[in-house]
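Participant: Dumping the structure here so I can ask a few things about it.
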Amino acid sequence: MQQLRFELTDEFIELNNLLKVMGICDSGGAGKMLVAQGNVKVNGQQELRKTCKIRAGQMVALGDIRIKVVAKTT
């Protein structure tokens with residue numbers, strides 16, 4: 001299992017953009033496809049909203065990849 005960490009610079013990031021910036025897919029559009037296919041979970045629940053707002057403290061999973069989203073440290 002691959003564990004990744006993403007540090008927010010704003011209040012939230014849209015799910016499809018998180019997948020893009022983490023290098024899981026090549027574009028936001030490809031991220032939307034992954035979400036629409038039902039392959040992505042947020043906090044253990046299947047997420048079908050492509051632009052779902054992901055905030056600090058949430059865990060995003062896709063296959064064996066886990067992304068922990070954390071607040072920006074000052």
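Order determines the names: the first chain of the structure tokens is A, the second B, and so forth; residues in each chain are numbered 1 upward, and ligands are numbered 1 upward as they are shown.
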Please provide as number ranges by chain all residues within 12 Å of region 30-40 of chain A, with the sequence filter that same-chain residues fewer than 5 positions apart are discarded (counting only C-alpha atoms).
Facilitator: A: 14-25, 45-52, 59-67
Participant: What does the file look like for those residues with C-alpha atoms, as a PDB file, in the first residue's frame?
Facilitator:
```
ATOM      1  CA  GLU A  14     -11.467  19.501  -5.320  1.00  0.00           C
ATOM      2  CA  LEU A  15     -11.192  15.716  -5.485  1.00  0.00           C
ATOM      3  CA  ASN A  16     -10.381  15.522  -9.208  1.00  0.00           C
ATOM      4  CA  ASN A  17      -7.630  18.145  -8.790  1.00  0.00           C
ATOM      5  CA  LEU A  18      -6.144  16.294  -5.808  1.00  0.00           C
ATOM      6  CA  LEU A  19      -5.786  13.172  -7.938  1.00  0.00           C
ATOM      7  CA  LYS A  20      -4.068  15.274 -10.624  1.00  0.00           C
ATOM      8  CA  VAL A  21      -1.595  17.101  -8.368  1.00  0.00           C
ATOM      9  CA  MET A  22      -0.670  13.853  -6.618  1.00  0.00           C
ATOM     10  CA  GLY A  23       0.268  12.336  -9.992  1.00  0.00           C
ATOM     11  CA  ILE A  24      -2.390   9.619  -9.869  1.00  0.00           C
ATOM     12  CA  CYS A  25      -3.787  10.807 -13.200  1.00  0.00           C
ATOM     13  CA  GLN A  45     -17.000   5.785   1.595  1.00  0.00           C
ATOM     14  CA  GLN A  46     -17.360   5.655  -2.182  1.00  0.00           C
ATOM     15  CA  GLU A  47     -17.377   9.215  -3.561  1.00  0.00           C
ATOM     16  CA  LEU A  48     -19.070   9.976  -6.878  1.00  0.00           C
ATOM     17  CA  ARG A  49     -18.961  13.789  -6.722  1.00  0.00           C
ATOM     18  CA  LYS A  50     -16.072  14.697  -9.012  1.00  0.00           C
ATOM     19  CA  THR A  51     -15.461  18.119  -7.475  1.00  0.00           C
ATOM     20  CA  CYS A  52     -16.115  17.089  -3.872  1.00  0.00           C
ATOM     21  CA  MET A  59      -8.296  10.311   3.680  1.00  0.00           C
ATOM     22  CA  VAL A  60      -8.684   9.615  -0.036  1.00  0.00           C
ATOM     23  CA  ALA A  61      -8.176   6.081  -1.342  1.00  0.00           C
ATOM     24  CA  LEU A  62      -7.819   4.719  -4.855  1.00  0.00           C
ATOM     25  CA  GLY A  63      -6.858   1.049  -5.104  1.00  0.00           C
ATOM     26  CA  ASP A  64      -3.827   0.563  -2.882  1.00  0.00           C
ATOM     27  CA  ILE A  65      -3.008   4.299  -2.777  1.00  0.00           C
ATOM     28  CA  ARG A  66      -3.952   6.315   0.312  1.00  0.00           C
ATOM     29  CA  ILE A  67      -3.693  10.120   0.426  1.00  0.00           C
TER      30      ILE A  67
END
```
Participant: Work out how far CA of Leu8 (chain A) is from CA of Ser27 (chain A), in Å to one decimal.
Facilitator: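 Separating CA of Ser27 (chain A) from CA of Leu8 (chain A) is a distance of 18.8 Å.
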Participant: Using only C-alpha atoms, which residue out of A:Arg55, A:Lys68, A:Thr73, A:Val42 lies closest to Ile13 (chain A)?
Facilitator: A:Arg55
Participant: Please identify which residues in chain A DSSP calls alpha helix (DSSP H) from the backbone, and express them as a ChimeraX atom specification.
Facilitator: /A:15-21,28-36
Participant: CA of Asp26 (chain A) and CA of Lys41 (chain A), how far apart in Å?
Facilitator: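 Distance between the two atoms: 19.0 Å.
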Participant: Would you list, as a ChimeraX atom specification, the residues of region 18-70 of chain A that end up in strand (DSSP E) under DSSP run on this structure's backbone?
Facilitator: /A:40-42,45-46,53-54,59-62,65-70
Participant: Deliver the residues from the most recent selection as a file, using C-alpha atoms, as an mmCIF file, in the first residue's frame.
Facilitator:
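Listed below is the output, again_0.cif:
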```cif
data_model
loop_
_atom_site.group_PDB
_atom_site.id
_atom_site.type_symbol
_atom_site.label_atom_id
_atom_site.label_comp_id
_atom_site.auth_asym_id
_atom_site.auth_seq_id
_atom_site.Cartn_x
_atom_site.Cartn_y
_atom_site.Cartn_z
ATOM 1 C CA VAL A 40 -12.352 6.591 -5.311
ATOM 2 C CA LYS A 41 -13.207 6.529 -1.613
ATOM 3 C CA VAL A 42 -13.142 9.421 0.837
ATOM 4 C CA GLN A 45 -17.000 5.785 1.595
ATOM 5 C CA GLN A 46 -17.360 5.655 -2.182
ATOM 6 C CA LYS A 53 -14.299 19.479 -1.517
ATOM 7 C CA ILE A 54 -11.513 17.632 0.279
ATOM 8 C CA MET A 59 -8.296 10.311 3.680
ATOM 9 C CA VAL A 60 -8.684 9.615 -0.036
ATOM 10 C CA ALA A 61 -8.176 6.081 -1.342
ATOM 11 C CA LEU A 62 -7.819 4.719 -4.855
ATOM 12 C CA ILE A 65 -3.008 4.299 -2.777
ATOM 13 C CA ARG A 66 -3.952 6.315 0.312
ATOM 14 C CA ILE A 67 -3.693 10.120 0.426
ATOM 15 C CA LYS A 68 -3.833 11.789 3.823
ATOM 16 C CA VAL A 69 -4.832 15.449 3.525
ATOM 17 C CA VAL A 70 -3.350 17.708 6.187
#
```
Participant: What is the CA of Gly29 (chain A) to CA of Leu4 (chain A) distance in Å?
Facilitator: 21.2 Å
